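What follows is the content of target-v1.json (JSON, C-alpha atoms).
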```
[["chain", "number", "residue", "atom", "x", "y", "z"],
["A", 24, "MET", "CA", -17.41, 10.30, 0.43],
["A", 25, "THR", "CA", -15.95, 7.02, 1.60],
["A", 26, "ARG", "CA", -12.32, 6.34, 2.42],
["A", 27, "TYR", "CA", -10.62, 3.35, 0.80],
["A", 28, "LEU", "CA", -7.29, 1.71, 1.46],
["A", 29, "VAL", "CA", -5.48, 1.00, -1.81],
["A", 30, "ALA", "CA", -2.68, -1.36, -0.79],
["A", 31, "ILE", "CA", 0.21, -2.35, -3.04],
["A", 32, "HIS", "CA", 1.29, -5.95, -2.50],
["A", 33, "ARG", "CA", 4.83, -7.12, -3.13],
["A", 34, "ALA", "CA", 6.45, -10.55, -3.09],
["A", 35, "ASP", "CA", 8.45, -11.21, 0.07],
["A", 36, "ASP", "CA", 11.65, -11.29, -1.98],
["A", 37, "TYR", "CA", 10.83, -8.07, -3.91],
["A", 38, "ASP", "CA", 13.90, -5.93, -4.52],
["A", 39, "PRO", "CA", 13.02, -2.21, -4.72],
["A", 40, "SER", "CA", 16.31, -1.52, -6.49],
["A", 41, "THR", "CA", 14.75, -3.12, -9.59],
["A", 42, "GLU", "CA", 12.37, -0.15, -9.92],
["A", 43, "ASP", "CA", 13.45, 2.05, -12.79],
["A", 44, "GLU", "CA", 13.08, 5.80, -13.27],
["A", 45, "ALA", "CA", 10.08, 5.33, -15.57],
["A", 46, "MET", "CA", 8.21, 3.55, -12.80],
["A", 47, "GLY", "CA", 9.05, 6.34, -10.36],
["A", 48, "ARG", "CA", 7.75, 8.91, -12.83],
["A", 49, "GLU", "CA", 4.50, 6.95, -13.35],
["A", 50, "ILE", "CA", 3.88, 6.72, -9.61],
["A", 51, "SER", "CA", 4.71, 10.42, -9.12],
["A", 52, "ALA", "CA", 2.37, 11.42, -11.95],
["A", 53, "LEU", "CA", -0.41, 9.28, -10.45],
["A", 54, "ASN", "CA", 0.11, 10.98, -7.08],
["A", 55, "VAL", "CA", -0.15, 14.41, -8.68],
["A", 56, "GLU", "CA", -3.37, 13.39, -10.46],
["A", 57, "MET", "CA", -4.84, 12.05, -7.21],
["A", 58, "VAL", "CA", -4.05, 15.31, -5.41],
["A", 59, "GLU", "CA", -5.47, 17.41, -8.27],
["A", 60, "ALA", "CA", -8.64, 15.26, -8.26],
["A", 61, "GLY", "CA", -8.95, 15.78, -4.51],
["A", 62, "VAL", "CA", -9.10, 12.06, -3.71],
["A", 63, "ARG", "CA", -5.75, 11.43, -2.00],
["A", 64, "ALA", "CA", -6.00, 11.66, 1.77],
["A", 65, "PHE", "CA", -2.67, 9.98, 2.55],
["A", 66, "VAL", "CA", 0.07, 7.95, 0.86],
["A", 67, "GLY", "CA", 2.97, 5.97, 2.25],
["A", 68, "GLY", "CA", 5.64, 3.56, 1.09],
["A", 69, "LEU", "CA", 6.84, 0.96, 3.58],
["A", 70, "GLN", "CA", 10.29, -0.40, 4.34],
["A", 71, "PRO", "CA", 10.89, -4.15, 3.79],
["A", 72, "THR", "CA", 9.43, -6.60, 6.30],
["A", 73, "SER", "CA", 12.97, -7.21, 7.58],
["A", 74, "ARG", "CA", 12.63, -3.79, 9.27],
["A", 75, "ALA", "CA", 9.30, -4.64, 10.93],
["A", 76, "LYS", "CA", 8.70, -5.27, 14.63],
["A", 77, "SER", "CA", 5.71, -7.26, 15.87],
["A", 78, "LEU", "CA", 4.06, -6.89, 19.24],
["A", 79, "ARG", "CA", 1.98, -9.66, 20.76],
["A", 80, "LEU", "CA", -0.04, -9.56, 23.94],
["A", 81, "GLY", "CA", 1.03, -12.42, 26.17],
["A", 82, "PRO", "CA", 0.00, -13.89, 29.49],
["A", 83, "GLY", "CA", -0.45, -11.46, 32.34],
["A", 84, "GLY", "CA", -0.75, -8.52, 29.95],
["A", 85, "GLN", "CA", 2.91, -8.53, 28.98],
["A", 86, "VAL", "CA", 3.72, -7.44, 25.45],
["A", 87, "LEU", "CA", 6.38, -9.38, 23.57],
["A", 88, "VAL", "CA", 8.30, -7.52, 20.84],
["A", 89, "THR", "CA", 9.89, -9.60, 18.09],
["A", 90, "ASP", "CA", 11.72, -8.86, 14.85],
["A", 91, "GLY", "CA", 9.85, -9.30, 11.58],
["A", 92, "PRO", "CA", 6.30, -9.05, 10.35],
["A", 93, "TYR", "CA", 3.32, -10.24, 12.37],
["A", 94, "LEU", "CA", 2.27, -12.70, 9.68],
["A", 95, "GLU", "CA", 4.67, -14.87, 7.76],
["A", 96, "THR", "CA", 3.47, -14.70, 4.17],
["A", 97, "LYS", "CA", 4.84, -14.79, 0.66],
["A", 98, "GLU", "CA", 3.54, -11.27, -0.01],
["A", 99, "TYR", "CA", 3.35, -8.11, 2.05],
["A", 100, "VAL", "CA", 2.04, -4.56, 1.80],
["A", 101, "GLY", "CA", 4.80, -2.47, 0.28],
["A", 102, "GLY", "CA", 2.93, 0.82, 0.26],
["A", 103, "PHE", "CA", -0.55, 2.27, 0.22],
["A", 104, "TRP", "CA", -2.85, 5.16, -0.49],
["A", 105, "VAL", "CA", -5.85, 6.26, 1.51],
["A", 106, "LEU", "CA", -8.32, 7.67, -1.01],
["A", 107, "GLU", "CA", -11.57, 9.49, -0.39],
["A", 108, "THR", "CA", -13.93, 8.86, -3.29],
["A", 109, "ALA", "CA", -17.63, 9.11, -4.07],
["A", 110, "SER", "CA", -17.94, 5.41, -4.91],
["A", 111, "LEU", "CA", -16.24, 2.04, -4.92],
["A", 112, "ASP", "CA", -16.11, 2.21, -8.72],
["A", 113, "GLU", "CA", -14.09, 5.43, -8.53],
["A", 114, "ALA", "CA", -11.71, 3.87, -5.98],
["A", 115, "LEU", "CA", -11.32, 0.82, -8.23],
["A", 116, "GLU", "CA", -10.44, 3.02, -11.20],
["A", 117, "TRP", "CA", -7.67, 4.73, -9.20],
["A", 118, "ALA", "CA", -6.51, 1.32, -7.96],
["A", 119, "ARG", "CA", -6.38, 0.02, -11.54],
["A", 120, "ARG", "CA", -4.08, 2.89, -12.41],
["A", 121, "ALA", "CA", -2.00, 2.18, -9.28],
["A", 122, "ALA", "CA", -1.59, -1.46, -10.31],
["A", 123, "ILE", "CA", -0.29, -0.34, -13.70],
["A", 124, "ALA", "CA", 2.06, 2.32, -12.30],
["A", 125, "CYS", "CA", 3.43, 0.10, -9.52],
["A", 126, "LYS", "CA", 3.44, -3.06, -11.62],
["A", 127, "ALA", "CA", 1.95, -4.90, -8.64],
["A", 128, "HIS", "CA", -1.13, -6.54, -7.21],
["A", 129, "VAL", "CA", -3.45, -4.07, -5.51],
["A", 130, "GLU", "CA", -6.11, -4.52, -2.85],
["A", 131, "VAL", "CA", -8.96, -2.05, -2.28],
["A", 132, "ARG", "CA", -10.77, -2.07, 1.05],
["A", 133, "PRO", "CA", -13.22, 0.48, 2.53],
["A", 134, "PHE", "CA", -12.76, 1.92, 6.01],
["A", 135, "HIS", "CA", -15.58, 1.68, 8.54]]
```

Is it possible to give me this structure as structure tokens?
Amino acid sequence: MTRYLVAIHRADDYDPSTEDEAMGREISALNVEMVEAGVRAFVGGLQPTSRAKSLRLGPGGQVLVTDGPYLETKEYVGGFWVLETASLDEALEWARRAAIACKAHVEVRPFH
């Protein structure tokens, strides 16, 4: 079994208050199915990038802490699953269902 990160990408200006109850039910149902199938190792939703802190190693080994995300992009990871599946194809099938439930772009990447 290989572990895969299934990351949900959101636009930087995404407003979570636009998510309706139907979407919440779809995501909850998908989570239940993942648990029942024994593939879900971990799941987490993330706060907006405005709540992020970035740490950078500077000269002399000092670490600088700043407000905001490390990278300035137009999209960010809004949440993710860590799935443990028998194949990439299986992970992609779960990710396809995640894209539908979350109404978002999804990235699948294996762990080392």

Counting only C-alpha atoms, which residues of region 27-75 of chain A sit at most 12 Å from some atom of region 108-117 of chain A, and what is each one's closest atom pair with its distance in Å to one decimal, listed by chain and rising residue number, as a Markdown table?
```
| residue | atom | partner | partner_atom | distance |
| --- | --- | --- | --- | --- |
| A:Tyr27 | CA | A:Ala114 | CA | 6.9 |
| A:Leu28 | CA | A:Ala114 | CA | 8.9 |
| A:Val29 | CA | A:Ala114 | CA | 8.0 |
| A:Ala30 | CA | A:Trp117 | CA | 11.5 |
| A:Ile50 | CA | A:Trp117 | CA | 11.7 |
| A:Leu53 | CA | A:Trp117 | CA | 8.7 |
| A:Asn54 | CA | A:Trp117 | CA | 10.2 |
| A:Glu56 | CA | A:Trp117 | CA | 9.8 |
| A:Met57 | CA | A:Trp117 | CA | 8.1 |
| A:Val58 | CA | A:Trp117 | CA | 11.8 |
| A:Ala60 | CA | A:Thr108 | CA | 9.7 |
| A:Gly61 | CA | A:Thr108 | CA | 8.6 |
| A:Val62 | CA | A:Thr108 | CA | 5.8 |
| A:Arg63 | CA | A:Thr108 | CA | 8.7 |
| A:Ala64 | CA | A:Thr108 | CA | 9.8 |
```

Problem set entry | Coordinates-based distance that separates CA of Ala127 (chain A) from CA of Arg33 (chain A) (Å, one decimal) |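 Result for CA of Arg33 (chain A) versus CA of Ala127 (chain A): 6.6 Å, one decimal.
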
Problem set entry | Point-to-point distance in Å for CA of Ser77 (chain A) and CA of Gly91 (chain A) |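 CA of Ser77 (chain A) lies 6.3 Å from CA of Gly91 (chain A).
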
Problem set entry | Point-to-point distance in Å for CA of Pro71 (chain A) and CA of Pro92 (chain A) |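 Distance reported for this atom pair: 9.4 Å.
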
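Nearest residue to Val66 (chain A), choosing from A:Leu78, A:Val105, A:Ala34, A:Ala52 and counting all atoms listed in the file: A:Val105.
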
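Compared by their closest atoms to Glu130 (chain A), and using only C-alpha atoms, the residues A:His32, A:Arg79, A:Met24, A:Asp38 rank with A:His32 nearest.
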
For this session: Give the answer as one residue: which of A:Ala124, A:His135, A:Thr89, A:Val129 has the shortest atom-to-atom distance to Ala45 (chain A), using all atoms listed in the file?
Result: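 Closest residue, counting all atoms listed in the file: A:Ala124.
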
For this session: Check the smallest atom-to-atom distance from each of A:Glu49, A:Leu106, A:Tyr99, A:Arg132 to Ala75 (chain A) using all atoms listed in the file, then report the winner.
Result: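 Closest residue, counting all atoms listed in the file: A:Tyr99.
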
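Nearest-residue note for Gln70 (chain A): choosing from A:Val100, A:Val55, A:Cys125, A:Met46, the minimum distance belongs to A:Val100, counting all atoms listed in the file.
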
Exercise. Which is closest to Pro133 (chain A) among A:Glu107, A:Asp90, A:Gln85, A:Pro39, if we use all atoms listed in the file?
Worked result: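 Nearest candidate to Pro133 (chain A) out of A:Glu107, A:Asp90, A:Gln85, A:Pro39: A:Glu107.
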